[in-house]
Structure formats: structure tokens, C-alpha cells
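Q: Sharing run.cif below, mmCIF, C-alpha atoms:
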data_final
loop_
_atom_site.group_PDB
_atom_site.id
_atom_site.type_symbol
_atom_site.label_atom_id
_atom_site.label_comp_id
_atom_site.auth_asym_id
_atom_site.auth_seq_id
_atom_site.Cartn_x
_atom_site.Cartn_y
_atom_site.Cartn_z
ATOM 1 C CA MET A 108 2.588 26.536 -0.667
ATOM 2 C CA THR A 109 0.093 26.177 -3.506
ATOM 3 C CA ILE A 110 -0.670 22.605 -2.461
ATOM 4 C CA TRP A 111 -2.618 24.003 0.492
ATOM 5 C CA SER A 112 -4.732 26.474 -1.484
ATOM 6 C CA ASP A 113 -8.402 25.497 -1.637
ATOM 7 C CA THR A 114 -9.137 24.653 -5.270
ATOM 8 C CA ARG A 115 -12.396 22.827 -4.593
ATOM 9 C CA ALA A 116 -14.500 25.538 -6.213
ATOM 10 C CA GLN A 117 -12.340 25.290 -9.342
ATOM 11 C CA ASP A 118 -12.776 21.507 -9.471
ATOM 12 C CA ASP A 119 -16.502 21.480 -8.834
ATOM 13 C CA PRO A 120 -18.681 24.266 -7.386
ATOM 14 C CA THR A 121 -20.866 21.617 -5.701
ATOM 15 C CA GLY A 122 -18.013 20.792 -3.345
ATOM 16 C CA GLN A 123 -17.254 17.335 -4.741
ATOM 17 C CA THR A 124 -13.779 15.974 -5.346
ATOM 18 C CA ALA A 125 -12.467 14.657 -8.637
ATOM 19 C CA ASN A 126 -13.581 11.146 -7.666
ATOM 20 C CA GLY A 127 -17.096 12.275 -6.843
ATOM 21 C CA TRP A 128 -17.166 11.996 -3.066
ATOM 22 C CA PRO A 129 -18.745 14.858 -1.132
ATOM 23 C CA GLY A 130 -16.092 17.113 0.331
ATOM 24 C CA THR A 131 -17.557 17.803 3.794
ATOM 25 C CA TRP A 132 -17.735 15.404 6.705
ATOM 26 C CA GLU A 133 -20.641 16.152 9.024
ATOM 27 C CA LYS A 134 -19.580 14.975 12.469
ATOM 28 C CA ALA A 135 -21.711 14.118 15.469
ATOM 29 C CA VAL A 136 -22.186 16.675 18.226
ATOM 30 C CA GLY A 137 -19.038 16.797 20.328
ATOM 31 C CA GLU A 138 -17.126 14.336 18.146
ATOM 32 C CA ARG A 139 -13.381 14.953 18.247
ATOM 33 C CA VAL A 140 -10.972 13.768 15.552
ATOM 34 C CA LEU A 141 -7.279 12.914 15.915
ATOM 35 C CA PRO A 142 -5.569 12.345 12.526
ATOM 36 C CA VAL A 143 -2.619 9.917 12.646
ATOM 37 C CA LEU A 144 -0.130 9.985 9.753
ATOM 38 C CA GLY A 145 2.820 7.707 9.073
ATOM 39 C CA CYS A 146 5.979 9.467 7.918
ATOM 40 C CA THR A 147 7.246 6.379 6.069
ATOM 41 C CA GLY A 148 5.671 3.232 4.705
ATOM 42 C CA ALA A 149 4.993 0.414 7.192
ATOM 43 C CA CYS A 150 6.337 2.477 10.089
ATOM 44 C CA GLY A 151 3.626 1.342 12.519
ATOM 45 C CA ALA A 152 1.117 4.192 12.161
ATOM 46 C CA SER A 153 -1.905 1.863 12.233
ATOM 47 C CA THR A 154 -0.567 0.117 15.322
ATOM 48 C CA VAL A 155 -0.099 3.464 17.053
ATOM 49 C CA ALA A 156 -3.582 4.609 15.974
ATOM 50 C CA VAL A 157 -5.234 1.503 17.459
ATOM 51 C CA ALA A 158 -3.051 1.693 20.582
ATOM 52 C CA VAL A 159 -3.923 5.371 21.139
ATOM 53 C CA ALA A 160 -7.616 4.580 20.698
ATOM 54 C CA THR A 161 -7.315 1.677 23.158
ATOM 55 C CA ALA A 162 -5.565 3.933 25.653
ATOM 56 C CA ALA A 163 -8.345 6.499 25.235
ATOM 57 C CA LEU A 164 -10.821 3.809 26.282
ATOM 58 C CA GLY A 165 -8.833 3.333 29.476
ATOM 59 C CA GLY A 166 -6.725 0.424 28.289
ATOM 60 C CA ALA A 167 -3.567 1.858 29.831
ATOM 61 C CA THR A 168 -5.094 1.875 33.314
ATOM 62 C CA GLY A 169 -7.611 -0.952 33.163
ATOM 63 C CA THR A 170 -10.359 1.508 34.127
ATOM 64 C CA PRO A 171 -12.965 2.352 31.468
ATOM 65 C CA SER A 172 -12.807 6.036 30.541
ATOM 66 C CA GLY A 173 -16.517 6.285 29.672
ATOM 67 C CA THR A 174 -15.683 7.767 26.267
ATOM 68 C CA ALA A 175 -16.781 6.206 22.989
ATOM 69 C CA VAL A 176 -13.816 5.703 20.640
ATOM 70 C CA ARG A 177 -13.398 4.373 17.118
ATOM 71 C CA VAL A 178 -10.587 4.049 14.574
ATOM 72 C CA VAL A 179 -11.352 4.997 10.964
ATOM 73 C CA GLU A 180 -8.660 3.684 8.612
ATOM 74 C CA CYS A 181 -8.467 5.399 5.207
ATOM 75 C CA SER A 182 -5.968 3.101 3.460
ATOM 76 C CA PRO A 183 -7.049 1.090 0.405
ATOM 77 C CA PRO A 184 -8.193 -2.440 1.362
ATOM 78 C CA ALA A 185 -5.009 -4.039 0.004
ATOM 79 C CA ALA A 186 -2.901 -1.806 2.272
ATOM 80 C CA SER A 187 -5.048 -2.092 5.387
ATOM 81 C CA GLY A 188 -3.157 -2.254 8.658
ATOM 82 C CA VAL A 189 -6.202 -2.949 10.855
ATOM 83 C CA ALA A 190 -7.958 -5.682 8.835
ATOM 84 C CA ALA A 191 -6.577 -8.398 11.127
ATOM 85 C CA ALA A 192 -6.982 -6.408 14.359
ATOM 86 C CA SER A 193 -10.678 -7.106 14.952
ATOM 87 C CA ALA A 194 -11.811 -9.838 17.315
ATOM 88 C CA SER A 195 -15.105 -10.014 15.393
ATOM 89 C CA GLU A 196 -16.505 -8.614 12.157
ATOM 90 C CA LEU A 197 -19.685 -6.532 12.176
ATOM 91 C CA GLY A 198 -20.319 -6.358 8.443
ATOM 92 C CA ARG A 199 -20.564 -3.579 5.904
ATOM 93 C CA ASP A 200 -22.036 -0.209 6.746
ATOM 94 C CA PRO A 201 -24.365 1.304 4.098
ATOM 95 C CA SER A 202 -21.928 4.205 3.647
ATOM 96 C CA GLY A 203 -19.204 1.875 2.345
ATOM 97 C CA TRP A 204 -17.163 0.897 5.397
ATOM 98 C CA LEU A 205 -16.398 -2.497 6.922
ATOM 99 C CA ARG A 206 -16.778 -2.547 10.685
ATOM 100 C CA GLY A 207 -15.004 -4.711 13.223
ATOM 101 C CA GLN A 208 -14.905 -4.878 16.997
ATOM 102 C CA ARG A 209 -11.906 -5.150 19.299
ATOM 103 C CA GLY A 210 -13.169 -5.162 22.864
ATOM 104 C CA ASP A 211 -14.993 -1.853 23.285
ATOM 105 C CA LEU A 212 -13.189 -0.343 20.300
ATOM 106 C CA LEU A 213 -14.905 0.038 16.924
ATOM 107 C CA LEU A 214 -12.654 -0.362 13.865
ATOM 108 C CA GLU A 215 -13.772 0.886 10.450
ATOM 109 C CA ARG A 216 -11.954 0.319 7.159
ATOM 110 C CA ILE A 217 -12.740 0.936 3.478
ATOM 111 C CA ALA A 218 -14.756 -1.807 1.791
ATOM 112 C CA ASP A 219 -14.060 -0.949 -1.870
ATOM 113 C CA ASP A 220 -10.785 -0.094 -3.551
ATOM 114 C CA VAL A 221 -9.749 3.550 -3.959
ATOM 115 C CA ASP A 222 -6.784 4.884 -5.927
ATOM 116 C CA ALA A 223 -6.269 8.287 -4.302
ATOM 117 C CA ALA A 224 -6.910 10.127 -1.056
ATOM 118 C CA ASP A 225 -9.685 12.189 -2.629
ATOM 119 C CA GLY A 226 -11.528 8.938 -3.390
ATOM 120 C CA VAL A 227 -11.877 7.888 0.246
ATOM 121 C CA PRO A 228 -15.603 7.801 1.126
ATOM 122 C CA LEU A 229 -16.929 9.981 3.914
ATOM 123 C CA PRO A 230 -16.794 8.259 7.315
ATOM 124 C CA SER A 231 -19.981 6.649 8.530
ATOM 125 C CA PRO A 232 -21.907 8.376 11.337
ATOM 126 C CA PHE A 233 -20.573 7.643 14.812
ATOM 127 C CA PRO A 234 -22.773 4.858 16.261
ATOM 128 C CA THR A 235 -25.315 6.080 18.794
ATOM 129 C CA ALA A 236 -26.730 2.629 19.537
ATOM 130 C CA GLY A 237 -25.686 -0.997 19.195
ATOM 131 C CA LEU A 238 -25.182 -2.048 15.586
ATOM 132 C CA THR A 239 -27.234 -4.794 13.999
ATOM 133 C CA ALA A 240 -26.406 -6.176 10.559
ATOM 134 C CA GLY A 241 -28.776 -7.962 8.215
ATOM 135 C CA PRO A 242 -28.431 -11.601 7.151
ATOM 136 C CA ALA A 243 -24.880 -12.492 6.190
ATOM 137 C CA THR A 244 -24.354 -13.063 2.467
ATOM 138 C CA SER A 245 -20.548 -13.222 2.474
ATOM 139 C CA ARG A 246 -17.603 -12.923 4.834
ATOM 140 C CA SER A 247 -17.669 -9.132 4.314
ATOM 141 C CA ASP A 248 -21.329 -9.004 5.417
ATOM 142 C CA LEU A 249 -21.219 -11.000 8.644
ATOM 143 C CA ALA A 250 -24.284 -10.479 10.822
ATOM 144 C CA LEU A 251 -23.092 -9.598 14.321
ATOM 145 C CA THR A 252 -24.538 -7.211 16.870
ATOM 146 C CA ALA A 253 -23.853 -4.794 19.692
ATOM 147 C CA VAL A 254 -20.889 -2.457 19.544
ATOM 148 C CA PRO A 255 -20.187 -1.338 23.135
ATOM 149 C CA SER A 256 -18.372 1.848 22.072
ATOM 150 C CA VAL A 257 -21.317 4.042 21.098
ATOM 151 C CA MET A 258 -21.740 7.794 21.344
ATOM 152 C CA PRO A 259 -22.823 8.706 24.869
ATOM 153 C CA PRO A 260 -25.876 10.919 25.409
ATOM 154 C CA GLY A 261 -24.927 14.495 24.581
ATOM 155 C CA GLY A 262 -22.029 13.466 22.313
ATOM 156 C CA GLY A 263 -18.318 13.498 23.052
ATOM 157 C CA GLY A 264 -16.921 10.561 21.057
ATOM 158 C CA LEU A 265 -13.361 10.353 19.728
ATOM 159 C CA THR A 266 -12.487 9.259 16.175
ATOM 160 C CA VAL A 267 -8.846 8.324 15.644
ATOM 161 C CA LEU A 268 -8.320 8.869 11.912
ATOM 162 C CA ASP A 269 -5.670 6.536 10.496
ATOM 163 C CA VAL A 270 -4.966 8.625 7.384
ATOM 164 C CA GLY A 271 -3.025 5.915 5.540
ATOM 165 C CA TRP A 272 -1.767 8.164 2.713
ATOM 166 C CA ASP A 273 1.426 10.152 2.301
ATOM 167 C CA LEU A 274 0.981 13.678 3.647
ATOM 168 C CA GLN A 275 2.133 15.343 0.433
ATOM 169 C CA HIS A 276 -0.396 13.284 -1.517
ATOM 170 C CA VAL A 277 -3.194 14.244 0.884
ATOM 171 C CA LEU A 278 -2.356 17.938 0.632
ATOM 172 C CA ALA A 279 -2.138 17.901 -3.161
ATOM 173 C CA ARG A 280 -5.894 17.691 -3.927
ATOM 174 C CA PRO A 281 -9.037 18.924 -2.174
ATOM 175 C CA SER A 282 -10.883 16.280 -0.174
ATOM 176 C CA TRP A 283 -12.552 15.841 3.194
ATOM 177 C CA LEU A 284 -9.383 14.032 4.312
ATOM 178 C CA ARG A 285 -7.221 17.044 3.490
ATOM 179 C CA ASP A 286 -9.697 19.236 5.366
ATOM 180 C CA GLU A 287 -9.240 17.110 8.494
ATOM 181 C CA VAL A 288 -5.446 17.158 8.290
ATOM 182 C CA THR A 289 -5.298 20.914 7.756
ATOM 183 C CA THR A 290 -7.974 22.018 10.245
ATOM 184 C CA GLN A 291 -7.912 19.642 13.217
ATOM 185 C CA GLU A 292 -6.326 21.184 16.287
ATOM 186 C CA ASP A 293 -4.012 18.213 16.927
ATOM 187 C CA LEU A 294 -2.132 15.877 14.586
ATOM 188 C CA LEU A 295 -0.062 12.809 15.438
ATOM 189 C CA LEU A 296 2.866 11.828 13.197
ATOM 190 C CA VAL A 297 4.478 8.389 13.486
ATOM 191 C CA THR A 298 8.008 7.480 12.460
ATOM 192 C CA THR A 299 10.881 5.176 13.383
ATOM 193 C CA ALA A 300 14.043 5.799 15.398
ATOM 194 C CA THR A 301 16.274 5.674 12.326
ATOM 195 C CA VAL A 302 18.085 8.334 10.354
ATOM 196 C CA PRO A 303 15.669 7.999 7.371
ATOM 197 C CA GLY A 304 12.699 7.940 9.754
ATOM 198 C CA LEU A 305 13.705 11.184 11.474
ATOM 199 C CA ARG A 306 14.554 12.752 8.132
ATOM 200 C CA ARG A 307 11.020 11.998 6.905
ATOM 201 C CA LEU A 308 9.584 13.368 10.143
ATOM 202 C CA GLU A 309 11.431 16.635 9.579
ATOM 203 C CA VAL A 310 10.031 16.854 6.029
ATOM 204 C CA GLN A 311 6.476 16.293 7.267
ATOM 205 C CA LEU A 312 6.879 18.894 10.007
ATOM 206 C CA ASP A 313 8.145 21.380 7.425
ATOM 207 C CA LEU A 314 5.057 20.746 5.264
ATOM 208 C CA LEU A 315 2.824 21.424 8.261
ATOM 209 C CA ALA A 316 4.786 24.356 9.664
ATOM 210 C CA ASP A 317 2.588 27.125 8.264
ATOM 211 C CA LEU A 318 -0.763 25.491 9.033
ATOM 212 C CA GLY A 319 -0.792 26.387 12.725
ATOM 213 C CA ARG A 320 -1.608 22.839 13.894
ATOM 214 C CA THR A 321 -0.413 21.351 17.183
ATOM 215 C CA VAL A 322 1.687 18.438 15.986
ATOM 216 C CA HIS A 323 2.709 15.508 18.174
ATOM 217 C CA ALA A 324 5.133 12.807 17.040
ATOM 218 C CA ALA A 325 5.608 9.187 18.062
ATOM 219 C CA VAL A 326 9.030 7.644 17.418
ATOM 220 C CA ILE A 327 9.014 3.831 17.434
ATOM 221 C CA GLY A 328 12.231 2.179 18.552
ATOM 222 C CA PRO A 329 14.458 1.684 21.606
ATOM 223 C CA ARG A 330 14.405 4.037 24.549
ATOM 224 C CA ARG A 331 15.774 7.470 23.730
ATOM 225 C CA ARG A 332 18.949 6.954 25.727
ATOM 226 C CA ARG A 333 19.711 3.885 23.584
ATOM 227 C CA TRP A 334 19.321 5.551 20.211
ATOM 228 C CA PRO A 335 22.412 5.159 18.002
ATOM 229 C CA ARG A 336 24.501 8.324 17.950
ATOM 230 C CA ALA A 337 23.665 9.059 14.320
ATOM 231 C CA VAL A 338 19.955 8.944 15.192
ATOM 232 C CA ALA A 339 20.272 11.001 18.364
ATOM 233 C CA HIS A 340 22.139 13.722 16.471
ATOM 234 C CA GLY A 341 19.844 13.550 13.451
ATOM 235 C CA LEU A 342 17.057 15.788 14.753
ATOM 236 C CA GLY A 343 16.273 18.639 12.370
ATOM 237 C CA PRO A 344 15.200 22.121 13.565
ATOM 238 C CA HIS A 345 11.463 21.370 13.447
ATOM 239 C CA THR A 346 11.957 18.075 15.297
ATOM 240 C CA ARG A 347 14.128 19.742 17.944
ATOM 241 C CA ALA A 348 11.433 22.357 18.490
ATOM 242 C CA LEU A 349 8.870 19.584 18.865
ATOM 243 C CA ASP A 350 11.122 17.854 21.380
ATOM 244 C CA GLU A 351 11.614 21.042 23.389
ATOM 245 C CA ALA A 352 7.832 21.499 23.497
ATOM 246 C CA GLY A 353 7.454 18.022 25.000
ATOM 247 C CA ARG A 354 5.584 16.656 21.983
ATOM 248 C CA LEU A 355 8.134 14.104 20.740
ATOM 249 C CA GLY A 356 7.086 10.826 22.322
ATOM 250 C CA GLU A 357 8.743 7.410 22.485
ATOM 251 C CA VAL A 358 6.929 4.202 21.555
ATOM 252 C CA PRO A 359 8.718 0.967 22.462
ATOM 253 C CA HIS A 360 9.547 -1.412 19.645
ATOM 254 C CA ASP A 361 7.685 -4.694 20.088
ATOM 255 C CA ARG A 362 9.204 -7.621 18.217
ATOM 256 C CA GLY A 363 5.944 -9.571 18.092
ATOM 257 C CA LEU A 364 4.004 -6.687 16.535
ATOM 258 C CA ALA A 365 6.867 -5.927 14.165
ATOM 259 C CA VAL A 366 6.867 -9.512 12.863
ATOM 260 C CA LEU A 367 3.174 -10.446 12.997
ATOM 261 C CA GLY A 368 1.441 -7.073 12.680
ATOM 262 C CA LEU A 369 -1.837 -6.208 14.366
ATOM 263 C CA SER A 370 -4.041 -9.023 15.620
ATOM 264 C CA PRO A 371 -6.876 -9.336 18.166
ATOM 265 C CA ALA A 372 -4.266 -10.061 20.861
ATOM 266 C CA PRO A 373 -4.011 -7.470 23.669
ATOM 267 C CA PHE A 374 -1.330 -4.811 23.407
ATOM 268 C CA PRO A 375 1.715 -4.962 25.693
ATOM 269 C CA THR A 376 1.304 -2.762 28.756
ATOM 270 C CA ALA A 377 4.381 -0.692 27.868
ATOM 271 C CA LEU A 378 2.893 0.160 24.471
ATOM 272 C CA LEU A 379 -0.438 1.237 25.982
ATOM 273 C CA ARG A 380 1.304 3.453 28.526
ATOM 274 C CA ALA A 381 3.307 5.108 25.765
ATOM 275 C CA ALA A 382 0.117 5.527 23.712
ATOM 276 C CA ALA A 383 -1.652 7.178 26.652
ATOM 277 C CA ARG A 384 1.121 9.769 26.843
ATOM 278 C CA LEU A 385 0.533 10.586 23.156
ATOM 279 C CA LEU A 386 -3.094 11.597 23.710
ATOM 280 C CA PRO A 387 -3.422 15.372 23.232
ATOM 281 C CA PRO A 388 -4.871 17.211 26.250
ATOM 282 C CA THR A 389 -7.666 18.532 24.029
ATOM 283 C CA THR A 390 -9.191 15.084 23.500
ATOM 284 C CA PRO A 391 -12.207 14.125 25.654
ATOM 285 C CA THR A 392 -9.981 11.513 27.308
ATOM 286 C CA GLN A 393 -7.587 13.999 28.863
ATOM 287 C CA GLY A 394 -8.043 12.340 32.247
ATOM 288 C CA VAL A 395 -6.395 9.136 31.032
ATOM 289 C CA THR A 396 -2.998 8.726 32.652
ATOM 290 C CA PRO A 397 -0.371 6.028 32.168
#
Here is a file; write its structure as C-alpha cells.
A:
Amino acid sequence: MTIWSDTRAQDDPTGQTANGWPGTWEKAVGERVLPVLGCTGACGASTVAVAVATAALGGATGTPSGTAVRVVECSPPAASGVAAASASELGRDPSGWLRGQRGDLLLERIADDVDAADGVPLPSPFPTAGLTAGPATSRSDLALTAVPSVMPPGGGGLTVLDVGWDLQHVLARPSWLRDEVTTQEDLLLVTTATVPGLRRLEVQLDLLADLGRTVHAAVIGPRRRRWPRAVAHGLGPHTRALDEAGRLGEVPHDRGLAVLGLSPAPFPTALLRAAARLLPPTTPTQGVTP
């Protein structure tokens, strides 16, 4: 339990982490945050994060939701799952993030390498107007304009936070990222419909059990009725409780995404419908239905 104690004051009374980044993220008025965490490596967490964000924009119904949405990916550049997902690049934000655009969805990823979760820079402010970059000096500084997904008047945007680090690692040291994981009302865990995948999900749920968060889980694989017997009978007590609460969701396995990874290509309809069902009712897109 000591990994959740707040040792920030012991590290630095100014509130900075060991790597020097400020420890508090000042959000826009009405901005909601949904952290998404993968239970295992390369389990599809970034794909689910982008799909959930797309569904929040109305992608599951074809009707715009009127809500501004972005994905903020916190993985190191070499491990980025969303780098190839943008249809166009918007350049580097002054706060240290590379921005891309995928339809009306804004994608942000780390520009410079980091070696730990407490080294992830604070997210850039949620755009309140179309973005305009300066003259392009390299591929990472492309000069493009106009992001459609901007904060509406009065606030109310949604940031899907693709955490990109192992949960135990995030909880081990104070950082703004740990603050988000331990204080946001809703969390979304992603795993695979395998015995190791469900075992890792159970471990993550146990780590979060005493934090009082509302955890949702997405299991990527075949339909539930087609799970192998060993998988179907491999639910631990925390996972069974999640299932009984209606917060264990299915995400269909897509062979193309599994082989090629994220790209600017549209998501399959079945994936977007599953992603829409994963949206917590507390998000500003609660009216989105599959």
C-alpha cells in the first residue's frame, strides 16, 4: 500500500517530480479525463483509446456529438501506438507535444524521449481555437492549420489519456500521471481474452481495489460465448465483480489492426460500437449510443 502514499513533499516541497516536471495538471474548465491503461504490453490499449475517443465524437453513429475530444498518449516516442494514426501532422506544441489530426480528433504524443512515467511532460492546454503552426523546419514541425475538435464555449471537452506505462510503475513515484490514475472518477483497463491477459487484469484490479475508482475493462478477442473454456473460467474475484457490475466489455479482434496497427484508415463499425459501450456515463458524451 505504500506505493500509493503521497511522497511528493519528501521529494521536493515545490511539487516537482524527480525528473523536474511540475506535478499538477491545470485543466480547462469542464475538461473531463478518461485514463486508459493496458494490462499487458501491445494488448491494444492505444487502439481502444483512439476508438473510444472516436466514438465520443459520434463515430459510432455517424452523427457528430458536439463534444471536443482529444487523445493524449504518454508513451515514449519509440513506443508510441498513435504515431501512425494521424491523417495529418500539426507540428510541435510549445509545451513539448507533437500534434496530429484524425478527422475531428486531435492526437497528441510526446516529442522528446522520457525514461519514466514521472518524466512525462504536462499535457498542453486543450485547444480553444484552430491551431496554426509556424514555418516548418523539419517533419516534426510541419505547418498545418485548423483542428476542428476545439473546446466549445463554456468548456466541456474530453481528454482520453493513453497512459502507456505499467500501472505498478505509474503508482510507484509521484507524478501528475499518477494523480490522474488515482483521482479520476473512471478508469478503463484494456486486456486480451487469454489466460495471461485475464490474469494481468485481475492483478491490476487488485492494485486499484482500495482507491475507490470506477473501473471499466475492455477485453479484446472473440465474442464472449466463443472464449476458450480456460479463458471463460479464468476470471478472478475482482474481474467477476466487474462483470457482475456490467463493466467488463468486449472488443472484437480485428485482424487488420492486429497485423498493421493504427493507421489513418477508418475503424470498423463493430469496433466503434464496442468502443461506444465502453464510454462511462459520467463523460460529457453520455448521449452517444451504439
Q: State, in Å with one decimal place, the distance from atom CA of A:Pro373 to atom CA of A:Thr168.
A: 13.5 Å
Q: List as JSON, numbers by chain: which residues have an atom within 10 Å of (6.1, 16.4, 25.9), counting all atoms listed in the file?
A: {"A": [323, 324, 349, 350, 351, 352, 353, 354, 355, 356, 357, 384, 385, 387]}
Q: Out of A:Ala192, A:Val159, A:Val302, A:Val136, which residue has the shortest atom-to-atom distance to A:Glu215 when counting all atoms listed in the file?
A: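 Of the candidates, the smallest distance to A:Glu215 is held by A:Ala192.
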Q: Counting only C-alpha atoms, which residue out of A:Leu296, A:Leu315, A:Thr301, A:Ser370 sits closest to A:Leu278?
A: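 Between A:Leu296, A:Leu315, A:Thr301, A:Ser370, the residue approaching A:Leu278 most closely is A:Leu315.
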Q: Once the PyMOL selection byres ((chain A and resi 194) around 7) has been applied to the shown file, what residues remain in the selection, as a ChimeraX atom specification?
A: /A:192-193,195,208-209,371
Q: Please indicate the distance in Å from atom CA of A:Leu265 to atom CA of A:Gly304, rounded to one decimal place.
A: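 Distance between the two atoms: 28.0 Å.
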Q: Save N, CA and C atoms of stretch 282-302 of chain A from the block above as a PDB file, in the first residue's frame.
A:
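decode.pdb, freshly written:
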ATOM      1  N   SER A 282       3.746  11.806  -9.511  1.00  0.00           N
ATOM      2  CA  SER A 282       3.756  12.498 -10.799  1.00  0.00           C
ATOM      3  C   SER A 282       2.334  12.939 -11.098  1.00  0.00           C
ATOM      4  N   TRP A 283       2.187  13.846 -12.055  1.00  0.00           N
ATOM      5  CA  TRP A 283       0.832  14.244 -12.448  1.00  0.00           C
ATOM      6  C   TRP A 283       0.085  13.051 -13.040  1.00  0.00           C
ATOM      7  N   LEU A 284       0.808  12.130 -13.685  1.00  0.00           N
ATOM      8  CA  LEU A 284       0.162  10.968 -14.288  1.00  0.00           C
ATOM      9  C   LEU A 284      -0.403  10.048 -13.215  1.00  0.00           C
ATOM     10  N   ARG A 285       0.340   9.851 -12.131  1.00  0.00           N
ATOM     11  CA  ARG A 285      -0.186   9.058 -11.024  1.00  0.00           C
ATOM     12  C   ARG A 285      -1.406   9.740 -10.406  1.00  0.00           C
ATOM     13  N   ASP A 286      -1.367  11.066 -10.302  1.00  0.00           N
ATOM     14  CA  ASP A 286      -2.510  11.790  -9.762  1.00  0.00           C
ATOM     15  C   ASP A 286      -3.770  11.515 -10.575  1.00  0.00           C
ATOM     16  N   GLU A 287      -3.628  11.499 -11.910  1.00  0.00           N
ATOM     17  CA  GLU A 287      -4.796  11.260 -12.763  1.00  0.00           C
ATOM     18  C   GLU A 287      -5.333   9.845 -12.583  1.00  0.00           C
ATOM     19  N   VAL A 288      -4.434   8.870 -12.517  1.00  0.00           N
ATOM     20  CA  VAL A 288      -4.865   7.480 -12.373  1.00  0.00           C
ATOM     21  C   VAL A 288      -5.539   7.246 -11.031  1.00  0.00           C
ATOM     22  N   THR A 289      -5.075   7.922  -9.992  1.00  0.00           N
ATOM     23  CA  THR A 289      -5.596   7.653  -8.651  1.00  0.00           C
ATOM     24  C   THR A 289      -6.757   8.561  -8.255  1.00  0.00           C
ATOM     25  N   THR A 290      -7.061   9.588  -9.035  1.00  0.00           N
ATOM     26  CA  THR A 290      -8.130  10.509  -8.632  1.00  0.00           C
ATOM     27  C   THR A 290      -9.270  10.625  -9.633  1.00  0.00           C
ATOM     28  N   GLN A 291      -9.063  10.237 -10.893  1.00  0.00           N
ATOM     29  CA  GLN A 291     -10.161  10.342 -11.846  1.00  0.00           C
ATOM     30  C   GLN A 291     -11.292   9.384 -11.465  1.00  0.00           C
ATOM     31  N   GLU A 292     -12.504   9.814 -11.696  1.00  0.00           N
ATOM     32  CA  GLU A 292     -13.663   9.018 -11.294  1.00  0.00           C
ATOM     33  C   GLU A 292     -13.734   7.689 -12.026  1.00  0.00           C
ATOM     34  N   ASP A 293     -13.358   7.678 -13.311  1.00  0.00           N
ATOM     35  CA  ASP A 293     -13.447   6.470 -14.131  1.00  0.00           C
ATOM     36  C   ASP A 293     -12.080   6.126 -14.709  1.00  0.00           C
ATOM     37  N   LEU A 294     -11.792   4.820 -14.770  1.00  0.00           N
ATOM     38  CA  LEU A 294     -10.600   4.300 -15.418  1.00  0.00           C
ATOM     39  C   LEU A 294     -11.016   3.206 -16.387  1.00  0.00           C
ATOM     40  N   LEU A 295     -10.270   3.059 -17.473  1.00  0.00           N
ATOM     41  CA  LEU A 295     -10.536   1.995 -18.435  1.00  0.00           C
ATOM     42  C   LEU A 295      -9.281   1.143 -18.586  1.00  0.00           C
ATOM     43  N   LEU A 296      -9.378  -0.138 -18.232  1.00  0.00           N
ATOM     44  CA  LEU A 296      -8.293  -1.091 -18.403  1.00  0.00           C
ATOM     45  C   LEU A 296      -8.535  -1.900 -19.675  1.00  0.00           C
ATOM     46  N   VAL A 297      -7.457  -2.238 -20.365  1.00  0.00           N
ATOM     47  CA  VAL A 297      -7.548  -2.996 -21.616  1.00  0.00           C
ATOM     48  C   VAL A 297      -6.694  -4.240 -21.500  1.00  0.00           C
ATOM     49  N   THR A 298      -7.258  -5.378 -21.901  1.00  0.00           N
ATOM     50  CA  THR A 298      -6.512  -6.629 -21.874  1.00  0.00           C
ATOM     51  C   THR A 298      -6.986  -7.511 -23.023  1.00  0.00           C
ATOM     52  N   THR A 299      -6.464  -8.729 -23.076  1.00  0.00           N
ATOM     53  CA  THR A 299      -6.817  -9.662 -24.137  1.00  0.00           C
ATOM     54  C   THR A 299      -7.562 -10.855 -23.564  1.00  0.00           C
ATOM     55  N   ALA A 300      -8.340 -11.515 -24.411  1.00  0.00           N
ATOM     56  CA  ALA A 300      -9.125 -12.678 -23.985  1.00  0.00           C
ATOM     57  C   ALA A 300      -8.236 -13.922 -23.992  1.00  0.00           C
ATOM     58  N   THR A 301      -7.246 -13.902 -23.119  1.00  0.00           N
ATOM     59  CA  THR A 301      -6.332 -15.024 -22.924  1.00  0.00           C
ATOM     60  C   THR A 301      -6.176 -15.248 -21.430  1.00  0.00           C
ATOM     61  N   VAL A 302      -5.675 -16.394 -21.059  1.00  0.00           N
ATOM     62  CA  VAL A 302      -5.458 -16.659 -19.637  1.00  0.00           C
ATOM     63  C   VAL A 302      -4.455 -15.667 -19.048  1.00  0.00           C
TER      64      VAL A 302
END
